[in-house]
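K.L.:
Sharing data-v8.cif (mmCIF, C-alpha atoms) below.
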```
data_protein
loop_
_atom_site.label_atom_id
_atom_site.label_comp_id
_atom_site.auth_asym_id
_atom_site.auth_seq_id
_atom_site.Cartn_x
_atom_site.Cartn_y
_atom_site.Cartn_z
CA MET A 1 75.16 73.06 137.69
CA THR A 2 74.28 72.00 134.15
CA ILE A 3 76.62 73.30 131.47
CA ASP A 4 74.66 74.41 128.43
CA THR A 5 76.03 73.64 125.00
CA VAL A 6 76.51 76.79 122.92
CA PRO A 7 77.59 77.28 119.30
CA ALA A 8 81.30 77.30 118.52
CA GLY A 9 82.77 80.75 118.96
CA LEU A 10 79.68 81.81 120.95
CA ARG A 11 77.91 82.59 117.67
CA GLY A 12 74.52 84.11 118.36
CA VAL A 13 74.92 84.00 122.13
CA ALA A 14 74.13 87.26 123.93
CA VAL A 15 76.71 87.47 126.70
CA SER A 16 75.87 90.94 128.01
CA ASP A 17 73.69 94.02 127.60
CA THR A 18 75.11 97.15 126.00
CA ALA A 19 73.86 100.64 125.18
CA ILE A 20 76.92 101.51 123.07
CA GLY A 21 75.86 100.15 119.71
CA ASP A 22 74.70 97.21 117.65
CA VAL A 23 75.30 95.45 114.34
CA LEU A 24 72.28 94.26 112.35
CA GLY A 25 73.95 91.84 109.97
CA SER A 26 70.91 90.83 107.96
CA GLU A 27 70.03 94.50 107.35
CA GLY A 28 73.55 95.74 106.58
CA PHE A 29 73.32 98.38 109.29
CA TYR A 30 75.21 99.29 112.46
CA HIS A 31 74.93 102.18 114.85
CA TYR A 32 76.45 104.00 117.80
CA ARG A 33 73.89 104.64 120.55
CA GLY A 34 71.04 104.51 118.04
CA ARG A 35 72.66 106.74 115.42
CA SER A 36 73.74 105.33 112.06
CA ALA A 37 77.53 105.03 112.13
CA VAL A 38 77.70 105.53 108.37
CA GLU A 39 75.64 108.71 108.56
CA LEU A 40 77.85 109.95 111.40
CA ALA A 41 80.90 109.34 109.19
CA ARG A 42 79.31 111.39 106.42
CA THR A 43 78.17 114.31 108.58
CA ARG A 44 80.14 114.51 111.84
CA THR A 45 83.76 114.56 112.98
CA PHE A 46 85.71 111.79 114.65
CA ASP A 47 85.68 113.74 117.91
CA ASP A 48 81.89 114.07 117.72
CA ALA A 49 81.49 110.32 117.25
CA ALA A 50 84.02 109.57 120.00
CA ALA A 51 82.16 111.83 122.42
CA LEU A 52 78.89 110.12 121.51
CA VAL A 53 80.31 106.64 122.12
CA LEU A 54 82.12 107.55 125.35
CA ASP A 55 79.65 110.00 126.89
CA GLY A 56 76.32 109.04 125.36
CA GLU A 57 75.45 112.25 123.52
CA LEU A 58 76.55 114.06 120.39
CA PRO A 59 78.21 117.32 121.42
CA ASP A 60 77.20 120.77 120.26
CA ASP A 61 79.92 123.23 119.23
CA ALA A 62 80.82 124.08 122.82
CA GLY A 63 80.79 120.43 123.84
CA ARG A 64 83.04 119.52 120.92
CA ALA A 65 85.52 122.20 121.96
CA ARG A 66 85.54 120.90 125.54
CA PHE A 67 86.00 117.28 124.43
CA ARG A 68 88.85 118.23 122.09
CA ALA A 69 90.53 120.19 124.86
CA GLU A 70 90.29 117.19 127.16
CA LEU A 71 91.97 114.98 124.56
CA ALA A 72 94.62 117.61 123.75
CA ASP A 73 95.57 117.80 127.43
CA ARG A 74 96.23 114.05 127.46
CA ARG A 75 98.19 113.52 124.22
CA GLU A 76 101.68 114.16 125.54
CA LEU A 77 103.55 111.14 126.88
CA PRO A 78 105.34 110.85 130.23
CA ALA A 79 109.12 110.57 130.31
CA ALA A 80 108.95 106.86 131.16
CA VAL A 81 107.11 106.12 127.91
CA HIS A 82 109.43 108.31 125.83
CA ALA A 83 112.35 106.38 127.31
CA VAL A 84 111.11 102.98 126.09
CA LEU A 85 109.86 104.01 122.66
CA PRO A 86 113.22 103.79 120.82
CA THR A 87 113.77 100.24 122.07
CA LEU A 88 110.23 99.21 121.16
CA ALA A 89 110.49 100.77 117.71
CA ALA A 90 113.76 98.97 116.96
CA ALA A 91 112.64 95.56 118.22
CA GLY A 92 112.36 92.69 115.74
CA THR A 93 113.30 92.22 112.11
CA GLU A 94 109.91 93.55 111.05
CA PHE A 95 108.18 96.60 112.45
CA ALA A 96 105.43 95.55 114.89
CA ALA A 97 103.52 98.71 115.78
CA LEU A 98 100.79 96.99 117.76
CA ALA A 99 103.29 95.01 119.84
CA GLY A 100 105.08 98.26 120.61
CA LEU A 101 101.80 99.92 121.49
CA ARG A 102 100.95 97.15 123.95
CA ALA A 103 104.25 97.59 125.77
CA ALA A 104 104.02 101.39 125.69
CA LEU A 105 100.48 101.43 127.06
CA SER A 106 101.54 99.11 129.87
CA THR A 107 104.32 101.56 130.67
CA LEU A 108 101.86 104.46 130.46
CA GLY A 109 99.51 102.73 132.89
CA ALA A 110 102.34 102.29 135.37
CA ALA A 111 103.76 105.79 134.91
CA ASP A 112 100.38 107.49 135.25
CA GLY A 113 99.26 105.19 138.03
CA LEU A 114 96.04 104.20 136.30
CA ALA A 115 93.88 102.59 138.96
CA PRO A 116 91.72 99.48 138.65
CA VAL A 117 88.23 100.33 137.41
CA TRP A 118 86.88 98.27 140.32
CA GLY A 119 85.91 100.74 143.01
CA ALA A 120 87.00 103.80 141.04
CA ALA A 121 84.71 106.78 140.63
CA PRO A 122 83.09 107.06 137.18
CA ARG A 123 84.78 110.45 136.67
CA ASP A 124 88.20 108.90 137.25
CA ARG A 125 87.47 105.96 134.97
CA ARG A 126 86.47 108.35 132.19
CA ALA A 127 89.61 110.43 132.68
CA ASP A 128 91.74 107.29 132.34
CA ALA A 129 89.80 106.26 129.22
CA LEU A 130 90.47 109.65 127.61
CA ARG A 131 94.15 109.34 128.52
CA VAL A 132 94.47 106.01 126.71
CA VAL A 133 92.46 107.26 123.71
CA ALA A 134 94.55 110.43 123.41
CA ALA A 135 97.93 108.76 123.94
CA THR A 136 97.41 105.90 121.48
CA PRO A 137 97.97 107.86 118.23
CA THR A 138 100.92 109.71 119.79
CA ILE A 139 102.56 106.39 120.68
CA LEU A 140 101.88 104.70 117.35
CA ALA A 141 103.14 107.59 115.25
CA ALA A 142 106.26 107.93 117.43
CA LEU A 143 107.04 104.23 116.99
CA TYR A 144 106.65 104.54 113.23
CA ARG A 145 108.89 107.59 112.94
CA LEU A 146 111.56 106.18 115.27
CA ARG A 147 111.68 102.98 113.23
CA ARG A 148 112.39 105.09 110.14
CA GLY A 149 115.15 107.04 111.89
CA LEU A 150 112.99 110.13 112.40
CA GLN A 151 112.22 111.99 115.58
CA PRO A 152 108.61 111.94 116.80
CA VAL A 153 106.66 115.15 116.37
CA ALA A 154 104.71 116.74 119.19
CA PRO A 155 100.91 116.69 118.85
CA ARG A 156 99.32 119.95 117.74
CA ASP A 157 96.37 121.21 119.74
CA ASP A 158 94.79 122.78 116.64
CA LEU A 159 94.57 119.48 114.75
CA HIS A 160 92.04 116.76 115.45
CA GLY A 161 90.91 113.37 114.15
CA GLY A 162 92.25 112.47 110.72
CA ALA A 163 94.29 115.66 110.39
CA ALA A 164 96.00 115.10 113.75
CA TRP A 165 96.86 111.51 112.83
CA LEU A 166 98.33 112.39 109.43
CA TYR A 167 100.41 115.16 111.01
CA LEU A 168 101.81 112.85 113.68
CA LEU A 169 102.85 110.37 110.97
CA SER A 170 104.35 112.79 108.45
CA GLY A 171 105.32 115.85 110.48
CA THR A 172 103.92 118.02 107.68
CA GLU A 173 100.74 120.03 107.27
CA PRO A 174 97.99 117.50 106.44
CA ASP A 175 96.20 117.71 103.11
CA PRO A 176 92.56 118.67 103.84
CA GLN A 177 91.05 116.14 101.42
CA ALA A 178 93.18 113.30 102.79
CA ALA A 179 92.44 114.35 106.37
CA ALA A 180 88.68 114.38 105.70
CA ALA A 181 88.88 110.90 104.15
CA VAL A 182 90.80 109.50 107.11
CA ASP A 183 88.38 111.16 109.52
CA ARG A 184 85.46 109.36 107.89
CA TYR A 185 87.32 106.08 108.12
CA LEU A 186 88.02 106.68 111.82
CA VAL A 187 84.37 107.44 112.55
CA ALA A 188 83.23 104.31 110.71
CA THR A 189 85.50 101.97 112.68
CA ILE A 190 85.08 103.14 116.30
CA ASP A 191 82.88 100.22 117.33
CA HIS A 192 81.32 97.14 115.79
CA GLY A 193 79.46 95.06 118.30
CA PHE A 194 80.92 92.34 120.50
CA ASN A 195 83.76 91.43 118.15
CA ALA A 196 86.67 89.40 119.52
CA SER A 197 88.82 92.30 120.72
CA THR A 198 85.90 94.17 122.28
CA PHE A 199 84.81 91.02 124.12
CA THR A 200 88.40 90.56 125.32
CA ALA A 201 88.44 94.11 126.69
CA ARG A 202 85.19 93.47 128.55
CA VAL A 203 86.48 90.19 130.02
CA ALA A 204 89.52 92.05 131.37
CA ALA A 205 87.35 94.89 132.65
CA SER A 206 85.02 92.42 134.38
CA ALA A 207 87.99 91.43 136.54
CA GLY A 208 88.29 95.07 137.62
CA THR A 209 91.66 95.80 135.98
CA ASP A 210 92.78 99.27 134.87
CA ILE A 211 91.80 100.66 131.48
CA ALA A 212 95.29 100.45 129.97
CA SER A 213 95.49 96.74 130.82
CA ALA A 214 92.06 96.06 129.33
CA VAL A 215 93.06 97.83 126.10
CA VAL A 216 96.33 95.91 125.99
CA ALA A 217 94.33 92.68 126.23
CA ALA A 218 92.09 93.85 123.39
CA LEU A 219 95.12 94.75 121.28
CA GLY A 220 96.52 91.25 121.65
CA THR A 221 93.34 89.90 120.07
CA PHE A 222 93.07 92.70 117.52
CA ALA A 223 96.56 91.96 116.18
CA GLY A 224 95.44 88.56 114.91
CA PRO A 225 95.21 88.34 111.10
CA LEU A 226 91.64 87.06 111.32
CA HIS A 227 90.56 90.25 113.09
CA GLY A 228 92.13 93.69 112.63
CA GLY A 229 95.15 92.89 110.48
CA ALA A 230 93.71 92.66 106.98
CA PRO A 231 93.63 96.11 105.24
CA ASP A 232 97.21 95.91 104.00
CA ARG A 233 96.82 92.33 102.77
CA ALA A 234 93.62 93.20 100.91
CA LEU A 235 95.42 95.99 99.05
CA GLU A 236 98.38 93.70 98.41
CA ALA A 237 95.98 91.30 96.67
CA VAL A 238 94.78 94.13 94.41
CA ASP A 239 98.39 94.99 93.63
CA GLU A 240 99.21 91.35 92.91
CA ILE A 241 96.32 91.14 90.46
CA GLY A 242 97.66 94.24 88.76
CA SER A 243 95.25 94.53 85.82
CA PRO A 244 91.59 93.79 85.08
CA ASP A 245 92.38 90.87 82.76
CA ARG A 246 94.03 88.96 85.64
CA VAL A 247 91.20 89.20 88.15
CA ASP A 248 89.30 86.04 87.24
CA ASP A 249 92.37 83.81 87.05
CA TYR A 250 93.67 85.09 90.39
CA VAL A 251 90.38 84.66 92.24
CA ARG A 252 89.57 81.28 90.69
CA ALA A 253 92.97 79.96 91.70
CA LYS A 254 92.36 81.10 95.29
CA LEU A 255 88.92 79.54 95.45
CA VAL A 256 89.95 76.24 93.87
CA ALA A 257 92.82 75.97 96.37
CA GLY A 258 90.42 76.68 99.24
CA ASP A 259 92.27 79.87 100.15
CA ARG A 260 90.65 82.96 101.57
CA VAL A 261 90.27 85.98 99.26
CA MET A 262 91.44 88.82 101.48
CA GLY A 263 88.95 91.63 101.93
CA PHE A 264 85.83 89.55 101.27
CA GLY A 265 83.29 87.98 103.59
CA HIS A 266 82.27 88.90 107.12
CA ALA A 267 81.23 86.97 110.20
CA VAL A 268 78.08 89.03 110.72
CA TYR A 269 76.93 90.68 107.48
CA ARG A 270 74.81 88.69 105.06
CA THR A 271 74.45 91.66 102.78
CA ALA A 272 76.76 94.50 101.76
CA ASP A 273 79.09 95.66 104.54
CA PRO A 274 77.92 99.26 105.11
CA ARG A 275 81.47 100.30 106.00
CA ALA A 276 82.70 99.03 102.65
CA VAL A 277 79.93 100.92 100.87
CA LEU A 278 80.93 104.13 102.65
CA LEU A 279 84.65 103.70 102.02
CA ARG A 280 84.04 102.93 98.34
CA GLU A 281 82.40 106.35 98.14
CA VAL A 282 85.38 107.92 99.88
CA ALA A 283 87.83 106.12 97.57
CA ARG A 284 86.00 107.40 94.50
CA GLU A 285 86.39 110.95 95.80
CA LEU A 286 90.16 110.35 95.96
CA ARG A 287 90.59 108.84 92.51
CA ASP A 288 92.10 112.02 91.03
CA ARG A 289 94.97 111.90 93.51
CA PRO A 290 98.34 110.34 92.59
CA GLY A 291 97.89 106.58 92.37
CA GLY A 292 94.12 106.97 92.02
CA GLU A 293 93.98 104.44 89.20
CA VAL A 294 93.86 101.78 91.91
CA VAL A 295 90.23 102.77 92.54
CA GLY A 296 89.11 101.60 89.11
CA LEU A 297 91.01 98.33 89.47
CA ALA A 298 89.57 97.79 92.95
CA GLU A 299 86.05 98.30 91.60
CA ILE A 300 86.61 95.59 89.01
CA VAL A 301 88.20 93.27 91.58
CA GLU A 302 85.20 93.78 93.87
CA GLU A 303 82.64 93.12 91.14
CA ARG A 304 84.33 90.02 89.69
CA THR A 305 85.32 88.54 93.07
CA GLU A 306 81.77 88.80 94.38
CA ALA A 307 80.48 87.14 91.19
CA LEU A 308 83.01 84.31 91.45
CA LEU A 309 82.31 83.84 95.15
CA ALA A 310 78.62 83.46 94.30
CA GLU A 311 79.61 80.81 91.74
CA TYR A 312 82.05 78.88 93.93
CA ARG A 313 80.39 79.46 97.32
CA PRO A 314 76.68 79.51 96.46
CA GLY A 315 74.28 80.59 99.16
CA ARG A 316 76.84 82.38 101.30
CA ASP A 317 76.48 85.94 99.90
CA LEU A 318 80.12 86.94 100.40
CA ARG A 319 80.77 90.63 99.71
CA ALA A 320 83.65 93.05 100.02
CA ASN A 321 84.23 93.95 103.65
CA VAL A 322 85.62 97.05 105.35
CA GLU A 323 89.25 95.97 104.93
CA PHE A 324 89.01 95.87 101.14
CA TRP A 325 88.18 99.55 100.67
CA ALA A 326 89.94 100.72 103.83
CA GLY A 327 93.30 99.82 102.31
CA VAL A 328 92.53 101.82 99.16
CA VAL A 329 91.41 104.88 101.14
CA MET A 330 94.39 104.86 103.50
CA HIS A 331 96.83 104.37 100.62
CA LEU A 332 95.44 107.35 98.71
CA ALA A 333 95.44 109.43 101.89
CA GLY A 334 99.17 108.84 102.23
CA ILE A 335 99.21 106.42 105.15
CA PRO A 336 102.04 103.86 104.82
CA ARG A 337 100.91 100.25 104.64
CA GLU A 338 102.57 99.20 107.86
CA MET A 339 100.32 101.76 109.56
CA PHE A 340 96.99 100.60 108.08
CA THR A 341 96.07 98.34 110.99
CA PRO A 342 97.48 100.80 113.58
CA THR A 343 95.17 103.43 112.06
CA PHE A 344 92.30 101.03 112.71
CA ALA A 345 93.49 100.83 116.34
CA VAL A 346 93.45 104.65 116.65
CA SER A 347 89.69 104.59 116.17
CA ARG A 348 88.82 101.26 117.79
CA VAL A 349 90.48 102.24 121.08
CA VAL A 350 87.52 104.58 121.56
CA GLY A 351 85.13 101.66 121.33
CA TRP A 352 87.24 99.47 123.60
CA THR A 353 87.43 102.09 126.33
CA ALA A 354 83.69 102.78 126.07
CA HIS A 355 83.01 99.09 126.60
CA VAL A 356 85.43 98.98 129.52
CA LEU A 357 83.58 101.88 131.14
CA GLU A 358 80.25 100.15 130.60
CA GLN A 359 81.54 96.83 131.92
CA ALA A 360 82.96 98.57 134.98
CA GLY A 361 79.39 99.26 136.05
CA SER A 362 78.84 95.54 136.62
CA SER A 363 80.10 93.55 139.60
CA THR A 364 80.01 90.21 137.77
CA ILE A 365 83.21 88.71 136.43
CA ILE A 366 82.90 87.01 133.04
CA ARG A 367 83.68 83.39 133.78
CA PRO A 368 82.24 80.86 131.29
CA SER A 369 82.69 77.11 131.52
CA ALA A 370 84.25 74.61 129.15
CA ARG A 371 83.30 71.04 128.28
CA TYR A 372 86.04 68.66 129.33
CA VAL A 373 86.79 66.17 126.54
CA GLY A 374 90.08 64.66 127.77
CA PRO A 375 90.68 61.28 129.41
CA ALA A 376 88.55 60.34 132.41
CA PRO A 377 90.08 61.08 135.80
CA ALA A 378 92.04 58.13 137.20
#
```
I'd like the structure from this file rewritten - as structure tokens, please.

P.N.:
Amino acid sequence: MTIDTVPAGLRGVAVSDTAIGDVLGSEGFYHYRGRSAVELARTRTFDDAAALVLDGELPDDAGRARFRAELADRRELPAAVHAVLPTLAAAGTEFAALAGLRAALSTLGAADGLAPVWGAAPRDRRADALRVVAATPTILAALYRLRRGLQPVAPRDDLHGGAAWLYLLSGTEPDPQAAAAVDRYLVATIDHGFNASTFTARVAASAGTDIASAVVAALGTFAGPLHGGAPDRALEAVDEIGSPDRVDDYVRAKLVAGDRVMGFGHAVYRTADPRAVLLREVARELRDRPGGEVVGLAEIVEERTEALLAEYRPGRDLRANVEFWAGVVMHLAGIPREMFTPTFAVSRVVGWTAHVLEQAGSSTIIRPSARYVGPAPA
């Protein structure tokens, strides 16, 4: 068999068919099952968008109530997971929420007896997907609170999406404006094409493994700083700049040194990142909240950084990406910085599980080849 040469990183190579969504980088547009993801974030709830991605249709009022009830029934954790959470939360000198989530989901899969997707009925696969989606925010918030010496709070059946997440973190009644902002962020980040973590989930699913294991595999990829772990560092850069008169010097120094400016540039978009455009709108709505002065500074950082990138990296059209404005929105909504990337995971787990369910419909294992470049066999 002839091995075809493909671009590094599989750039531009279509490795599978999907009906879940697509990213049109040259147009600055992405969608879930044909519906603009940005428009969904502006007009529908996180649960609506999750139902669309997982089940293929936007729910009506009755359908939304049913979907929310299904998630609510699956939020509580089994005793085996509760037993390991304190140890996971205390592990390491620095809090590692995603590492704890990986271990907790593995325990959940064992405790619940999640079966391999290979040979399972579609109804059972979907039930397992909903279990992982519903349990993920419960686990992450419990790890955060335990690390801070606080007891986890039980999920509330009357709270959903952004409001449910903020309540699990704080244990207090969520502020409606903050909850709405977080909900829009969650909708906007459910899925984004065949990114590295989504592809990892599909590779695992192609082997027929259970849904928890496929999501754990995706999380291992997602935790890499070149993928999901940038919102806090982007905001830290804004904080380090501190004032408008320091923007140019800071950015020039980064570019001259060949360093990456966190929160700018994207592997797919060659125009404005539509998620960044949306979240800039959301951030502007939050600018009257405590700490809202960061919005004005971020606007200046965005404008000057894009201008300097055009000067130092001509022809590349590098713009602010989702991480840049995501950090600002989450900060103003009251989410602690160590939970920025975990918040991203709360939404993206919906996309991962949807892709696992889709991949489970295929009987072909993903098994590419590699070009051997070592010494010739003796």

K.L.:
Which one is closest to Phe67 (chain A): A:Gly119, A:Val13, A:Val133, A:Val329? Count only C-alpha atoms.

P.N.:
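Closest candidate: A:Val133.
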
K.L.:
Do you have the CA of Ala188 (chain A)-CA of Pro152 (chain A) distance handy?

P.N.:
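Separation of CA of Ala188 (chain A) and CA of Pro152 (chain A): 27.2 Å.
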
K.L.:
Go through the shown structure with the PyMOL selection byres ((chain A and resi 98) around 8) and write out the matching residues as a PyMOL selection string.

P.N.:
chain A and resi 96-97+99-102+140+219+223+342

K.L.:
Go through A:Val84, A:Leu114, A:Val251, A:Ile211 one by one, measure the shortest atom-to-atom distance of each to Ala307 (chain A) using all atoms listed in the file, and give the residue with the smallest value.

P.N.:
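Among the listed residues, the smallest separation from Ala307 (chain A) belongs to A:Val251.
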
K.L.:
Write out, as a Markdown table, each residue of region 212-266 of chain A that has an atom at most 10 Å from region 333-339 of chain A, together with the closest pair of atoms and their distance in Å to one decimal, counting all atoms listed in the file, rows going by chain and rising number.

P.N.:
```
| residue | atom | partner | partner_atom | distance |
| --- | --- | --- | --- | --- |
| A:Pro231 | CA | A:Arg337 | CA | 8.4 |
| A:Asp232 | CA | A:Arg337 | CA | 5.7 |
| A:Arg233 | CA | A:Arg337 | CA | 9.1 |
| A:Leu235 | CA | A:Arg337 | CA | 8.9 |
| A:Glu236 | CA | A:Arg337 | CA | 9.4 |
```

K.L.:
Once you add 4 Å to each side, what are the centre and edge lengths of the axis-aligned box holding all listed atoms of region 199-211 of chain A? One decimal in Å, as lines of an AutoDock Vina configuration file, if you can.

P.N.:
```
center_x = 88.8
center_y = 95.4
center_z = 130.9
size_x = 16.0
size_y = 18.5
size_z = 21.5
```

K.L.:
CA of Ala91 (chain A) to CA of Gly149 (chain A): how many Å, to one decimal?

P.N.:
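Interatomic distance, CA of Ala91 (chain A) to CA of Gly149 (chain A): 13.3 Å.
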
K.L.:
Expanded to explicit residues, what is the PyMOL selection byres ((chain A and resi 317) around 10) for this file, as a PyMOL selection string?

P.N.:
chain A and resi 265-266+269-272+306-307+309-310+313-316+318-319

K.L.:
List the spatial neighbours of region 190-207 of chain A as a ChimeraX atom specification - criterion: any atom at most 8 Å away, only C-alpha atoms, same-chain residues fewer than 5 positions off excluded.

P.N.:
/A:21-23,30,32,50,117-118,213-215,217-222,227,347-352,355-356,359-360,362-366

K.L.:
Of the residues A:Val301, A:Ala212, A:Ala326, A:Leu279, which is the one nearest to Ile241 (chain A), using all atoms listed in the file?

P.N.:
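Looking only at the distances to Ile241 (chain A), the closest residue turns out to be A:Val301.
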
K.L.:
Considering all atoms listed in the file, can you say which of A:Glu358, A:Ala267, A:Arg66, A:Leu10 comes closest to Gly25 (chain A)?

P.N.:
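For Gly25 (chain A), the nearest of the candidates is A:Ala267.
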
K.L.:
Can you fill out region 64-72 of chain A with all heavy atoms and hand it back as a compact mmCIF listing (two decimals), in the coordinates of the input?

P.N.:
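And here is the file that came out, result37.txt:
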```txt
# COMPACT_ATOMS: atom_id res chain seq x y z
N ARG A 64 81.93 120.02 121.74
CA ARG A 64 83.04 119.52 120.92
C ARG A 64 84.34 120.18 121.33
O ARG A 64 85.38 119.52 121.45
CB ARG A 64 82.77 119.77 119.44
CG ARG A 64 83.88 119.24 118.51
CD ARG A 64 83.68 119.67 117.07
NE ARG A 64 82.36 119.30 116.62
CZ ARG A 64 81.43 120.18 116.25
NH1 ARG A 64 81.68 121.49 116.31
NH2 ARG A 64 80.25 119.77 115.83
N ALA A 65 84.31 121.48 121.55
CA ALA A 65 85.52 122.20 121.96
C ALA A 65 86.03 121.68 123.30
O ALA A 65 87.25 121.50 123.49
CB ALA A 65 85.24 123.70 122.03
N ARG A 66 85.12 121.43 124.24
CA ARG A 66 85.54 120.90 125.54
C ARG A 66 86.14 119.51 125.40
O ARG A 66 87.17 119.20 126.01
CB ARG A 66 84.35 120.85 126.50
CG ARG A 66 83.90 122.19 127.04
CD ARG A 66 82.96 122.03 128.20
NE ARG A 66 81.74 121.31 127.83
CZ ARG A 66 80.64 121.89 127.35
NH1 ARG A 66 80.60 123.20 127.18
NH2 ARG A 66 79.58 121.17 127.06
N PHE A 67 85.51 118.66 124.60
CA PHE A 67 86.00 117.28 124.43
C PHE A 67 87.38 117.30 123.77
O PHE A 67 88.29 116.58 124.18
CB PHE A 67 85.00 116.49 123.58
CG PHE A 67 85.31 115.02 123.49
CD1 PHE A 67 85.03 114.17 124.54
CD2 PHE A 67 85.89 114.49 122.35
CE1 PHE A 67 85.30 112.81 124.46
CE2 PHE A 67 86.17 113.15 122.25
CZ PHE A 67 85.88 112.30 123.32
N ARG A 68 87.54 118.14 122.76
CA ARG A 68 88.85 118.23 122.09
C ARG A 68 89.91 118.74 123.05
O ARG A 68 91.06 118.28 123.01
CB ARG A 68 88.74 119.14 120.87
CG ARG A 68 88.05 118.48 119.69
CD ARG A 68 87.87 119.42 118.51
NE ARG A 68 87.50 118.68 117.31
CZ ARG A 68 87.16 119.25 116.16
NH1 ARG A 68 87.16 120.58 116.06
NH2 ARG A 68 86.84 118.51 115.11
N ALA A 69 89.56 119.68 123.89
CA ALA A 69 90.53 120.19 124.86
C ALA A 69 90.93 119.11 125.85
O ALA A 69 92.11 119.01 126.24
CB ALA A 69 89.94 121.40 125.59
N GLU A 70 89.97 118.29 126.25
CA GLU A 70 90.29 117.19 127.16
C GLU A 70 91.26 116.20 126.53
O GLU A 70 92.20 115.72 127.17
CB GLU A 70 89.01 116.46 127.57
CG GLU A 70 88.12 117.22 128.52
CD GLU A 70 86.93 116.40 128.95
OE1 GLU A 70 86.04 116.15 128.12
OE2 GLU A 70 86.90 115.97 130.12
N LEU A 71 91.05 115.89 125.25
CA LEU A 71 91.97 114.98 124.56
C LEU A 71 93.33 115.64 124.37
O LEU A 71 94.37 114.99 124.57
CB LEU A 71 91.40 114.59 123.19
CG LEU A 71 90.18 113.67 123.20
CD1 LEU A 71 89.71 113.42 121.76
CD2 LEU A 71 90.49 112.35 123.88
N ALA A 72 93.35 116.91 123.98
CA ALA A 72 94.62 117.61 123.75
C ALA A 72 95.47 117.63 125.02
O ALA A 72 96.70 117.48 124.96
CB ALA A 72 94.36 119.03 123.26
```
